[in-house]
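Asker: So here's protein-v9.tsv (TSV, C-alpha atoms and all ligand atoms).
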chain	number	residue	atom	x	y	z
F	1	MET	CA	25.63	-10.89	4.54
F	2	SER	CA	28.30	-8.34	5.36
F	3	ASN	CA	28.03	-5.60	7.93
F	4	THR	CA	27.59	-2.08	6.63
F	5	LEU	CA	28.39	1.30	8.12
F	6	PHE	CA	26.82	4.43	6.67
F	7	THR	CA	28.84	7.55	7.42
F	8	ASN	CA	28.06	11.14	6.50
F	9	VAL	CA	24.34	10.52	5.96
F	10	ASN	CA	21.30	12.58	6.85
F	11	ILE	CA	19.09	10.17	8.77
F	12	LEU	CA	15.39	10.52	8.01
F	13	ASP	CA	13.34	8.58	10.54
F	14	GLY	CA	9.58	8.86	10.17
F	15	ASN	CA	9.08	9.64	13.85
F	16	ALA	CA	11.57	12.52	13.84
F	17	GLU	CA	10.90	16.13	12.96
F	18	GLY	CA	13.37	16.15	10.11
F	19	ARG	CA	16.73	14.88	8.92
F	20	ILE	CA	19.58	14.50	11.41
F	21	ALA	CA	23.21	14.08	10.37
F	22	GLY	CA	24.90	10.96	11.67
F	23	GLU	CA	26.09	7.41	11.17
F	24	VAL	CA	24.17	4.13	11.03
F	25	SER	CA	25.57	0.63	11.33
F	26	VAL	CA	23.93	-2.53	10.04
F	27	ALA	CA	24.79	-6.02	11.27
F	28	ASP	CA	23.08	-9.36	10.72
F	29	GLY	CA	20.26	-7.79	8.74
F	30	ARG	CA	19.29	-5.25	11.37
F	31	ILE	CA	20.17	-1.70	12.27
F	32	ALA	CA	22.69	-2.07	15.08
F	33	GLU	CA	23.52	1.49	16.05
F	34	VAL	CA	22.49	5.03	15.15
F	35	ALA	CA	24.77	7.90	16.15
F	36	THR	CA	23.52	11.47	15.82
F	37	ASP	CA	25.75	13.13	18.40
F	38	GLY	CA	28.84	13.37	16.23
F	39	ALA	CA	30.24	10.11	17.59
F	40	ALA	CA	31.99	7.74	15.18
F	41	LEU	CA	30.73	4.14	15.11
F	42	ALA	CA	33.12	1.20	14.84
F	43	ARG	CA	34.57	0.76	11.32
F	44	LYS	CA	36.14	-2.65	11.88
F	45	ASP	CA	34.55	-5.51	9.90
F	46	HIS	CA	32.14	-3.14	8.16
F	47	ARG	CA	31.88	-2.02	4.58
F	48	VAL	CA	31.89	1.75	4.95
F	49	ILE	CA	29.55	3.72	2.69
F	50	ASP	CA	30.30	7.45	2.74
F	51	GLY	CA	26.86	8.88	2.01
F	52	GLY	CA	28.19	12.31	1.08
F	53	GLY	CA	25.25	13.94	2.84
F	54	MET	CA	22.59	11.83	1.15
F	55	THR	CA	19.40	10.81	2.96
F	56	LEU	CA	19.15	7.42	4.68
F	57	MET	CA	15.55	6.40	5.32
F	58	SER	CA	13.32	3.36	5.67
F	59	GLY	CA	12.04	1.62	2.56
F	60	LEU	CA	8.51	2.63	1.61
F	61	CYS	CA	5.17	0.89	2.11
F	62	ASP	CA	2.44	0.63	-0.49
F	63	ALA	CA	-0.72	-0.20	1.42
F	64	HIS	CA	-2.74	-1.53	-1.54
F	65	THR	CA	-0.77	-3.60	-4.03
F	66	HIS	CA	-1.77	-5.98	-6.80
F	67	PHE	CA	1.21	-7.94	-8.12
F	68	THR	CA	-1.15	-9.57	-10.64
F	69	TRP	CA	-2.36	-6.34	-12.28
F	70	ASN	CA	-0.31	-6.00	-15.47
F	71	SER	CA	-0.34	-2.22	-16.06
F	72	GLY	CA	-2.67	-2.82	-18.99
F	73	GLY	CA	-5.69	-0.90	-20.21
F	74	SER	CA	-8.28	-3.07	-18.49
F	75	LEU	CA	-8.43	-5.73	-15.83
F	76	ASP	CA	-10.85	-7.75	-17.98
F	77	ALA	CA	-7.92	-9.26	-19.88
F	78	LEU	CA	-6.52	-10.77	-16.68
F	79	ALA	CA	-9.25	-13.40	-16.45
F	80	GLY	CA	-8.18	-15.13	-19.64
F	81	MET	CA	-4.45	-14.94	-19.02
F	82	PRO	CA	-2.94	-18.40	-18.50
F	83	VAL	CA	-1.70	-18.88	-14.95
F	84	GLU	CA	1.90	-19.45	-16.03
F	85	ASP	CA	2.04	-16.13	-17.87
F	86	HIS	CA	0.20	-14.45	-15.04
F	87	THR	CA	2.73	-15.66	-12.51
F	88	ILE	CA	5.50	-14.05	-14.56
F	89	VAL	CA	3.53	-10.78	-14.45
F	90	ALA	CA	3.52	-10.98	-10.66
F	91	VAL	CA	7.25	-11.71	-10.51
F	92	GLU	CA	7.88	-8.67	-12.71
F	93	SER	CA	5.63	-6.44	-10.55
F	94	ALA	CA	7.49	-7.51	-7.42
F	95	ARG	CA	10.83	-6.57	-8.96
F	96	ILE	CA	9.53	-3.21	-10.20
F	97	LEU	CA	8.23	-2.36	-6.73
F	98	ILE	CA	11.49	-2.99	-4.93
F	99	ASP	CA	13.36	-1.22	-7.74
F	100	SER	CA	11.12	1.76	-6.87
F	101	GLY	CA	12.11	1.79	-3.20
F	102	TYR	CA	9.15	-0.18	-1.87
F	103	THR	CA	10.15	-2.77	0.72
F	104	MET	CA	6.65	-3.31	2.20
F	105	CYS	CA	3.56	-4.01	0.11
F	106	VAL	CA	0.13	-5.06	1.33
F	107	GLY	CA	-1.43	-7.50	-1.15
F	108	ALA	CA	-4.97	-6.34	-1.86
F	109	ALA	CA	-6.25	-9.12	-4.14
F	110	SER	CA	-4.67	-11.62	-6.47
F	111	ALA	CA	-6.32	-12.09	-9.85
F	112	LYS	CA	-5.82	-15.85	-9.58
F	113	GLU	CA	-6.02	-17.62	-6.30
F	114	ARG	CA	-2.47	-18.70	-5.44
F	115	ILE	CA	-0.26	-16.30	-7.38
F	116	ASP	CA	0.20	-13.85	-4.49
F	117	ILE	CA	1.08	-16.69	-2.14
F	118	ALA	CA	3.66	-18.12	-4.54
F	119	ALA	CA	5.18	-14.70	-5.15
F	120	ARG	CA	5.46	-13.95	-1.43
F	121	ASP	CA	7.04	-17.32	-0.75
F	122	GLY	CA	9.47	-16.89	-3.64
F	123	ILE	CA	10.52	-13.50	-2.31
F	124	ASN	CA	10.92	-14.78	1.24
F	125	ALA	CA	13.01	-17.71	-0.01
F	126	GLY	CA	15.29	-15.32	-1.89
F	127	MET	CA	14.35	-16.85	-5.26
F	128	ILE	CA	12.99	-13.62	-6.76
F	129	PRO	CA	13.52	-9.96	-5.81
F	130	GLY	CA	10.62	-8.12	-4.26
F	131	PRO	CA	9.29	-6.28	-1.24
F	132	ARG	CA	8.02	-7.88	1.92
F	133	TYR	CA	4.54	-8.87	0.91
F	134	LEU	CA	1.27	-9.73	2.59
F	135	ALA	CA	-0.31	-12.20	0.18
F	136	CYS	CA	-4.00	-11.99	-0.66
F	137	GLY	CA	-6.48	-14.33	-2.31
F	138	GLN	CA	-8.99	-13.38	-4.98
F	139	GLU	CA	-11.25	-10.50	-4.09
F	140	LEU	CA	-14.56	-11.56	-2.57
F	141	ALA	CA	-17.75	-9.93	-3.82
F	142	THR	CA	-21.44	-10.72	-3.90
F	143	PRO	CA	-22.89	-11.66	-7.30
F	144	ALA	CA	-24.42	-8.17	-7.46
F	145	GLY	CA	-21.22	-6.36	-6.58
F	146	VAL	CA	-18.48	-7.88	-8.74
F	147	LEU	CA	-16.03	-5.25	-10.01
F	148	VAL	CA	-14.19	-7.46	-12.51
F	149	TYR	CA	-15.63	-10.76	-13.68
F	150	GLY	CA	-13.27	-13.69	-13.90
F	151	ILE	CA	-10.83	-12.53	-11.23
F	152	THR	CA	-13.34	-12.40	-8.37
F	153	ARG	CA	-14.68	-15.10	-6.11
F	154	GLU	CA	-18.42	-14.62	-5.77
F	155	VAL	CA	-20.02	-15.36	-2.41
F	156	SER	CA	-23.58	-14.95	-1.25
F	157	GLY	CA	-24.54	-15.18	2.40
F	158	ALA	CA	-22.53	-15.58	5.58
F	159	GLU	CA	-22.05	-19.31	5.15
F	160	GLU	CA	-20.44	-19.02	1.73
F	161	MET	CA	-18.30	-16.19	3.03
F	162	THR	CA	-17.03	-18.27	5.92
F	163	ARG	CA	-16.21	-21.13	3.57
F	164	ALA	CA	-14.33	-18.90	1.11
F	165	VAL	CA	-12.31	-17.21	3.85
F	166	ARG	CA	-11.48	-20.61	5.37
F	167	GLU	CA	-10.23	-21.93	2.06
F	168	MET	CA	-8.06	-18.90	1.46
F	169	CYS	CA	-6.61	-18.92	4.95
F	170	GLY	CA	-5.95	-22.63	4.54
F	171	GLN	CA	-4.02	-21.90	1.35
F	172	GLY	CA	-1.86	-19.45	3.25
F	173	VAL	CA	-3.02	-15.91	2.53
F	174	ASP	CA	-2.15	-13.08	4.91
F	175	THR	CA	-5.05	-10.84	3.93
F	176	ILE	CA	-8.68	-11.18	2.85
F	177	LYS	CA	-10.12	-8.62	0.43
F	178	LEU	CA	-13.81	-7.76	0.37
F	179	ILE	CA	-15.61	-5.68	-2.24
F	180	LEU	CA	-18.29	-3.73	-0.41
F	181	SER	CA	-19.02	-0.80	-2.72
F	182	GLY	CA	-18.92	-0.39	-6.48
F	183	GLU	CA	-16.43	1.33	-8.77
F	184	SER	CA	-17.98	3.77	-11.18
F	185	ILE	CA	-15.66	3.13	-14.13
F	186	THR	CA	-17.57	-0.14	-14.55
F	187	GLU	CA	-20.78	1.84	-15.25
F	188	ARG	CA	-22.52	-1.12	-13.62
F	189	VAL	CA	-21.66	-1.04	-9.92
F	190	TRP	CA	-21.33	2.41	-8.39
F	191	ALA	CA	-19.03	4.06	-5.89
F	192	LYS	CA	-21.93	5.38	-3.83
F	193	ASP	CA	-23.71	2.02	-3.67
F	194	THR	CA	-23.12	-0.92	-1.33
F	195	TYR	CA	-23.42	-4.57	-2.37
F	196	MET	CA	-22.57	-6.65	0.69
F	197	THR	CA	-24.55	-7.17	3.89
F	198	ASP	CA	-23.30	-6.60	7.42
F	199	GLU	CA	-23.72	-10.34	8.05
F	200	GLU	CA	-21.43	-11.20	5.15
F	201	VAL	CA	-18.77	-8.70	6.23
F	202	ARG	CA	-19.00	-9.94	9.79
F	203	ALA	CA	-18.59	-13.58	8.75
F	204	ALA	CA	-15.38	-12.71	6.90
F	205	VAL	CA	-13.97	-10.75	9.84
F	206	VAL	CA	-14.79	-13.45	12.39
F	207	GLU	CA	-13.19	-16.24	10.38
F	208	ALA	CA	-10.13	-14.23	9.30
F	209	HIS	CA	-9.44	-12.88	12.77
F	210	ARG	CA	-9.88	-16.33	14.26
F	211	VAL	CA	-6.69	-17.35	12.46
F	212	GLY	CA	-4.92	-14.02	12.75
F	213	LYS	CA	-5.48	-12.68	9.22
F	214	LYS	CA	-6.35	-9.11	8.26
F	215	VAL	CA	-9.50	-8.05	6.42
F	216	LEU	CA	-9.23	-5.31	3.79
F	217	ALA	CA	-12.24	-3.75	2.11
F	218	HIS	CA	-12.93	-1.79	-1.05
F	219	ALA	CA	-15.31	0.74	0.51
F	220	ARG	CA	-16.11	3.94	-1.36
F	221	SER	CA	-19.74	4.50	-0.33
F	222	THR	CA	-20.70	6.05	2.99
F	223	ASP	CA	-22.61	2.92	4.00
F	224	SER	CA	-19.74	0.61	3.18
F	225	ILE	CA	-17.31	2.70	5.23
F	226	LYS	CA	-19.63	2.40	8.22
F	227	GLN	CA	-20.01	-1.34	7.63
F	228	CYS	CA	-16.24	-1.67	7.92
F	229	LEU	CA	-16.28	0.22	11.20
F	230	ARG	CA	-19.24	-1.67	12.65
F	231	GLN	CA	-17.94	-5.09	11.68
F	232	GLY	CA	-14.25	-4.83	12.49
F	233	VAL	CA	-12.58	-4.56	9.07
F	234	ASP	CA	-8.89	-3.76	9.59
F	235	VAL	CA	-8.04	-1.74	6.49
F	236	ILE	CA	-10.52	0.55	4.75
F	237	TYR	CA	-9.60	1.22	1.13
F	238	HIS	CA	-10.70	4.34	-0.72
F	239	ALA	CA	-13.15	5.74	1.89
F	240	SER	CA	-14.35	8.27	-0.67
F	241	TYR	CA	-17.59	9.38	0.94
F	242	ILE	CA	-16.85	9.92	4.63
F	243	ASP	CA	-19.66	11.78	6.38
F	244	GLU	CA	-19.64	13.24	9.89
F	245	GLU	CA	-20.85	10.03	11.50
F	246	ALA	CA	-18.27	7.93	9.65
F	247	ALA	CA	-15.52	10.35	10.73
F	248	ASP	CA	-16.68	10.02	14.35
F	249	MET	CA	-16.68	6.22	14.08
F	250	MET	CA	-13.20	6.25	12.56
F	251	GLU	CA	-11.84	8.49	15.28
F	252	GLU	CA	-13.23	6.16	17.91
F	253	ARG	CA	-11.40	3.19	16.34
F	254	ARG	CA	-8.32	5.05	15.15
F	255	ASP	CA	-5.86	2.80	16.97
F	256	GLU	CA	-7.31	-0.31	15.32
F	257	ILE	CA	-7.96	0.72	11.72
F	258	PHE	CA	-5.96	1.92	8.76
F	259	VAL	CA	-7.30	3.94	5.83
F	260	ALA	CA	-5.59	3.76	2.44
F	261	PRO	CA	-7.42	5.88	-0.11
F	262	GLY	CA	-5.43	5.02	-3.24
F	263	LEU	CA	-5.55	8.65	-4.25
F	264	HIS	CA	-3.54	8.33	-7.42
F	265	TRP	CA	-6.06	5.94	-8.91
F	266	LEU	CA	-8.77	8.61	-8.59
F	267	TYR	CA	-6.48	11.39	-9.74
F	268	ALA	CA	-5.06	9.59	-12.75
F	269	THR	CA	-8.36	8.04	-13.81
F	270	LEU	CA	-9.75	11.56	-13.90
F	271	TYR	CA	-6.82	13.48	-15.38
F	272	GLU	CA	-4.32	11.11	-16.96
F	273	ALA	CA	-6.24	8.27	-18.60
F	274	ALA	CA	-7.21	10.05	-21.84
F	275	ASP	CA	-4.25	8.66	-23.75
F	276	PHE	CA	-5.49	5.20	-22.83
F	277	GLY	CA	-9.00	5.73	-24.14
F	278	TYR	CA	-10.68	7.18	-21.05
F	279	PRO	CA	-11.09	10.94	-21.51
F	280	GLN	CA	-11.69	13.29	-18.61
F	281	GLU	CA	-15.27	13.94	-19.73
F	282	ALA	CA	-16.04	10.23	-19.44
F	283	ALA	CA	-14.52	10.06	-15.95
F	284	GLU	CA	-16.42	13.16	-14.84
F	285	ALA	CA	-19.66	11.83	-16.29
F	286	VAL	CA	-19.58	8.80	-13.98
F	287	GLY	CA	-18.60	10.88	-10.96
F	288	TYR	CA	-14.81	10.67	-10.52
F	289	LYS	CA	-14.39	14.42	-10.08
F	290	ASP	CA	-17.09	14.51	-7.43
F	291	GLU	CA	-15.52	11.49	-5.78
F	292	LEU	CA	-12.02	12.99	-5.71
F	293	GLU	CA	-13.37	16.21	-4.20
F	294	HIS	CA	-15.30	14.34	-1.50
F	295	SER	CA	-12.31	12.14	-0.78
F	296	ILE	CA	-10.05	15.11	-0.19
F	297	ILE	CA	-12.48	16.71	2.27
F	298	GLY	CA	-13.06	13.49	4.20
F	299	LEU	CA	-9.41	12.44	4.31
F	300	LYS	CA	-8.29	15.84	5.58
F	301	GLU	CA	-10.91	15.58	8.31
F	302	ILE	CA	-9.88	12.12	9.52
F	303	HIS	CA	-6.20	13.02	9.30
F	304	SER	CA	-6.89	15.94	11.64
F	305	ARG	CA	-8.50	13.47	14.03
F	306	GLY	CA	-5.47	11.20	14.17
F	307	VAL	CA	-6.76	8.37	11.97
F	308	ARG	CA	-3.89	6.52	10.28
F	309	VAL	CA	-4.01	7.30	6.55
F	310	LEU	CA	-1.49	5.50	4.33
F	311	PRO	CA	-0.36	6.17	0.77
F	312	GLY	CA	-0.39	3.59	-1.97
F	313	GLY	CA	-3.10	2.04	-3.93
F	314	ASP	CA	-4.21	0.14	-6.95
F	315	TYR	CA	-1.21	0.69	-9.18
F	316	GLY	CA	-1.01	-1.59	-12.18
F	317	PHE	CA	-3.25	0.08	-14.76
F	318	ALA	CA	-1.88	1.56	-17.98
F	319	TRP	CA	-2.34	5.07	-16.57
F	320	THR	CA	-1.02	4.07	-13.12
F	321	PRO	CA	1.77	1.61	-13.94
F	322	HIS	CA	3.67	-0.24	-11.23
F	323	GLY	CA	6.74	1.73	-10.24
F	324	THR	CA	5.00	5.11	-10.18
F	325	ASN	CA	3.66	4.42	-6.67
F	326	ALA	CA	5.41	7.40	-5.08
F	327	ARG	CA	2.97	9.68	-6.91
F	328	ASP	CA	0.69	8.95	-3.96
F	329	LEU	CA	3.16	10.67	-1.62
F	330	GLN	CA	3.04	13.84	-3.67
F	331	HIS	CA	-0.77	13.78	-3.54
F	332	PHE	CA	-0.64	13.54	0.25
F	333	VAL	CA	1.33	16.78	0.30
F	334	GLU	CA	-0.43	18.63	-2.49
F	335	LEU	CA	-4.03	17.43	-2.11
F	336	LEU	CA	-4.33	16.46	1.57
F	337	ASP	CA	-2.01	19.12	3.04
F	338	PHE	CA	0.17	16.58	4.82
F	339	THR	CA	3.63	17.95	5.56
F	340	PRO	CA	6.40	16.01	3.82
F	341	MET	CA	7.38	14.57	7.23
F	342	GLU	CA	3.81	13.44	7.93
F	343	THR	CA	3.80	11.82	4.50
F	344	ILE	CA	7.11	10.06	5.13
F	345	ARG	CA	5.80	8.82	8.46
F	346	ALA	CA	2.66	7.49	6.74
F	347	ALA	CA	4.76	5.69	4.13
F	348	THR	CA	7.26	4.17	6.56
F	349	VAL	CA	6.33	4.05	10.26
F	350	LEU	CA	2.68	3.29	9.49
F	351	GLY	CA	3.87	0.65	7.03
F	352	GLY	CA	5.45	-1.21	9.94
F	353	GLN	CA	2.19	-0.85	11.83
F	354	ILE	CA	-0.06	-2.10	9.02
F	355	PHE	CA	2.27	-5.09	8.70
F	356	GLY	CA	1.69	-5.72	12.40
F	357	ARG	CA	5.45	-5.35	12.99
F	358	PRO	CA	5.82	-1.85	14.47
F	359	ASP	CA	9.06	-2.77	16.24
F	360	ASP	CA	10.65	-4.39	13.17
F	361	LEU	CA	9.75	-2.34	10.13
F	362	GLY	CA	9.51	1.25	8.96
F	363	ARG	CA	12.10	3.14	11.00
F	364	VAL	CA	15.78	4.00	11.09
F	365	ALA	CA	16.37	3.01	14.68
F	366	PRO	CA	18.41	0.38	16.52
F	367	GLY	CA	16.89	-3.09	16.34
F	368	TYR	CA	14.82	-2.46	13.23
F	369	LEU	CA	15.28	-4.62	10.15
F	370	ALA	CA	17.68	-2.95	7.74
F	371	ASP	CA	15.24	-2.12	4.92
F	372	LEU	CA	16.82	1.15	3.87
F	373	LEU	CA	16.96	3.65	1.04
F	374	LEU	CA	19.96	5.85	0.31
F	375	VAL	CA	18.45	8.82	-1.49
F	376	ASN	CA	20.36	11.47	-3.42
F	377	GLY	CA	18.08	14.28	-2.29
F	378	ASP	CA	15.97	15.40	0.64
F	379	PRO	CA	12.44	13.95	0.63
F	380	SER	CA	11.60	16.04	3.70
F	381	ALA	CA	12.00	19.13	1.52
F	382	ASP	CA	10.88	17.69	-1.82
F	383	ILE	CA	8.71	14.60	-1.55
F	384	ALA	CA	8.71	14.15	-5.34
F	385	VAL	CA	12.37	13.12	-5.29
F	386	LEU	CA	11.19	9.63	-4.32
F	387	GLN	CA	9.58	9.26	-7.76
F	388	ASP	CA	12.97	9.51	-9.45
F	389	HIS	CA	14.47	6.04	-9.38
F	390	ASP	CA	17.89	7.37	-10.37
F	391	LYS	CA	17.93	9.23	-7.05
F	392	LEU	CA	17.45	5.95	-5.18
F	393	VAL	CA	21.17	5.27	-5.08
F	394	GLY	CA	20.93	2.35	-2.68
F	395	ILE	CA	18.07	-0.03	-1.84
F	396	MET	CA	18.70	-2.47	1.00
F	397	LYS	CA	16.44	-5.18	2.39
F	398	ASP	CA	17.29	-7.36	5.39
F	399	GLY	CA	20.73	-5.78	5.42
F	400	SER	CA	21.53	-6.96	1.87
F	401	TRP	CA	21.70	-4.73	-1.16
F	402	HIS	CA	18.98	-5.00	-3.77
F	403	LYS	CA	20.56	-1.98	-5.47
F	404	ASP	CA	24.17	-1.55	-4.44
F	405	PRO	CA	25.44	2.05	-4.31
F	406	ALA	CA	28.69	0.73	-5.75
F	407	ALA	CA	26.94	1.06	-9.11
F	408	ALA	CA	26.84	4.81	-8.43
F	409	GLY	CA	30.55	4.79	-7.64
F	410	MET	CA	30.14	4.63	-3.85
I	1	ZN	ZN	-7.40	-2.54	-5.59
So, in terms of structure tokens, how does the structure I just supplied come out?
Answerer:
Amino acid sequence: MSNTLFTNVNILDGNAEGRIAGEVSVADGRIAEVATDGAALARKDHRVIDGGGMTLMSGLCDAHTHFTWNSGGSLDALAGMPVEDHTIVAVESARILIDSGYTMCVGAASAKERIDIAARDGINAGMIPGPRYLACGQELATPAGVLVYGITREVSGAEEMTRAVREMCGQGVDTIKLILSGESITERVWAKDTYMTDEEVRAAVVEAHRVGKKVLAHARSTDSIKQCLRQGVDVIYHASYIDEEAADMMEERRDEIFVAPGLHWLYATLYEAADFGYPQEAAEAVGYKDELEHSIIGLKEIHSRGVRVLPGGDYGFAWTPHGTNARDLQHFVELLDFTPMETIRAATVLGGQIFGRPDDLGRVAPGYLADLLLVNGDPSADIAVLQDHDKLVGIMKDGSWHKDPAAAGM
């Protein structure tokens, strides 16, 4: 691993108010120094990259990732996919995500039980390219609340929940995923309905927290959101139907919880799935328009109350393929009225926090791991630039290039 010095870059740190011109040095995988006062950092023993005014920022975080979703038309096909083939799908997803500028991904269910774990370990060992990854097991649902048969572990009662969580933690997962509410595209279990009891949720949280693992929950209904808040779930996914009481409960626990709505899933399922056999009328008929509208109102409210809302979510369907994850950032600006800087903070600084490594990940500051993007553009002015992979001139993780700017003649 060689040392790198970025000169003539506009530094975009998620905790700043905007870009600041300067220099950044990287040594031994970490950011060593950041100079924004016009000072020149030491050139000796460094490869010097003249950024030509490009943006240098942290790699992005996707807060709800499924390496094992194959960007196909339906998740039903995943159940019958042989595990060997399925593992290759996960390896491919991991590469696509880091190619897209994502260096932090929170695993939010693995279609087969050990694929996420193997992928994470392969990435960490340097055997395959990919983002830092929190590995998940299969999603846990009650027999009445399964979203996708064949890729779900069914549990009924607190005792079965404890056993399932123990097994998964024993296998080495980082996260536990619970399915509390339905998903209306199934036309069987519904977004406004709740299928797990408080006792079952509690059992999962107690056992996971006992061994330091995070609990993530698919929670669209109002009741399921409140269950998460009552029972200590760490990450609330979707949170479509936040009412006044739920917003109050979230505000009270805002330093402990994260909310990741997965906005692009709602948006694209409603407006962009027609070419894949799911016309807008069908999506509206089961309530996706109503759900998107409610989500926007609730998410704006909790954002105004300081609840941590993160982009990313559920990519890996035909109409939301892996690699298009930065669409979520645009939705934060256009639908939720986040400023571009608030959005960048949510996708970087809060990524470090959801990983439980706020002093290691998600910032361009001395001491942080050198997970960096060199962007030919200014995301603080145009957030959509992050969707254009050609503009991601350099992608660095742990101080080593995944995408070397030398390929762009630098
Ligand atoms: Zn999901």
Asker: Give the residue list for ligand ZN 1 (chain I) at 7 Å, counting only C-alpha atoms and all ligand atoms, as a PDB file with C-alpha atoms, in the coordinates of the input, sorted by chain and then by residue number.
Answerer:
ATOM      1  CA  HIS F  64      -2.740  -1.530  -1.540  1.00  0.00           C
ATOM      2  CA  THR F  65      -0.770  -3.600  -4.030  1.00  0.00           C
ATOM      3  CA  HIS F  66      -1.770  -5.980  -6.800  1.00  0.00           C
ATOM      4  CA  ALA F 108      -4.970  -6.340  -1.860  1.00  0.00           C
ATOM      5  CA  ALA F 109      -6.250  -9.120  -4.140  1.00  0.00           C
ATOM      6  CA  GLY F 313      -3.100   2.040  -3.930  1.00  0.00           C
ATOM      7  CA  ASP F 314      -4.210   0.140  -6.950  1.00  0.00           C
TER       8      ASP F 314
END
Asker: With only C-alpha atoms as the counted atoms, please give the residues lying no more than 8 Å from stretch 316-331 of chain F, apart from itself and same-chain residues fewer than 3 positions off, as a VMD selection string.
Answerer: chain F and resid 62 66 to 67 69 to 75 93 96 to 97 99 to 100 262 to 265 268 to 269 272 to 273 276 311 to 313 334 to 336 343 to 344 347 383 to 384 386 to 387
Asker: Using only C-alpha atoms, which of F:Pro366, F:Ala247, F:Ile257, F:Glu200 sits nearest F:Ala35?
Answerer: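 Of the candidates, the smallest distance to F:Ala35 is held by F:Pro366.
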Asker: Taking into account all atoms listed in the file, which residue in the set F:Leu178, F:Leu292, F:Leu229, F:Ile98 is nearest to F:Val215?
Answerer: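 Result for the nearest residue to F:Val215: F:Leu178.
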Asker: Quick one: residues within 12 Å of F:Asp255, all atoms listed in the file counted, chain neighbours fewer than 2 positions away excluded, as a list in words?
Answerer: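 Near neighbours after the sequence-gap exclusion: Asp234, Val235, Met249, Met250, Glu251, Glu252, Arg253, Ile257, Phe258, Val259, Arg305, Gly306, Val307, Arg308, Val309, Leu350, Gln353 and Ile354 of chain F.
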Asker: With C-alpha atoms retained, could you export that selection as a JSON list (two decimals), in the frame of the given file?
Answerer:
[["chain", "number", "residue", "atom", "x", "y", "z"],
["F", 234, "ASP", "CA", -8.89, -3.76, 9.59],
["F", 235, "VAL", "CA", -8.04, -1.74, 6.49],
["F", 249, "MET", "CA", -16.68, 6.22, 14.08],
["F", 250, "MET", "CA", -13.20, 6.25, 12.56],
["F", 251, "GLU", "CA", -11.84, 8.49, 15.28],
["F", 252, "GLU", "CA", -13.23, 6.16, 17.91],
["F", 253, "ARG", "CA", -11.40, 3.19, 16.34],
["F", 257, "ILE", "CA", -7.96, 0.72, 11.72],
["F", 258, "PHE", "CA", -5.96, 1.92, 8.76],
["F", 259, "VAL", "CA", -7.30, 3.94, 5.83],
["F", 305, "ARG", "CA", -8.50, 13.47, 14.03],
["F", 306, "GLY", "CA", -5.47, 11.20, 14.17],
["F", 307, "VAL", "CA", -6.76, 8.37, 11.97],
["F", 308, "ARG", "CA", -3.89, 6.52, 10.28],
["F", 309, "VAL", "CA", -4.01, 7.30, 6.55],
["F", 350, "LEU", "CA", 2.68, 3.29, 9.49],
["F", 353, "GLN", "CA", 2.19, -0.85, 11.83],
["F", 354, "ILE", "CA", -0.06, -2.10, 9.02]]
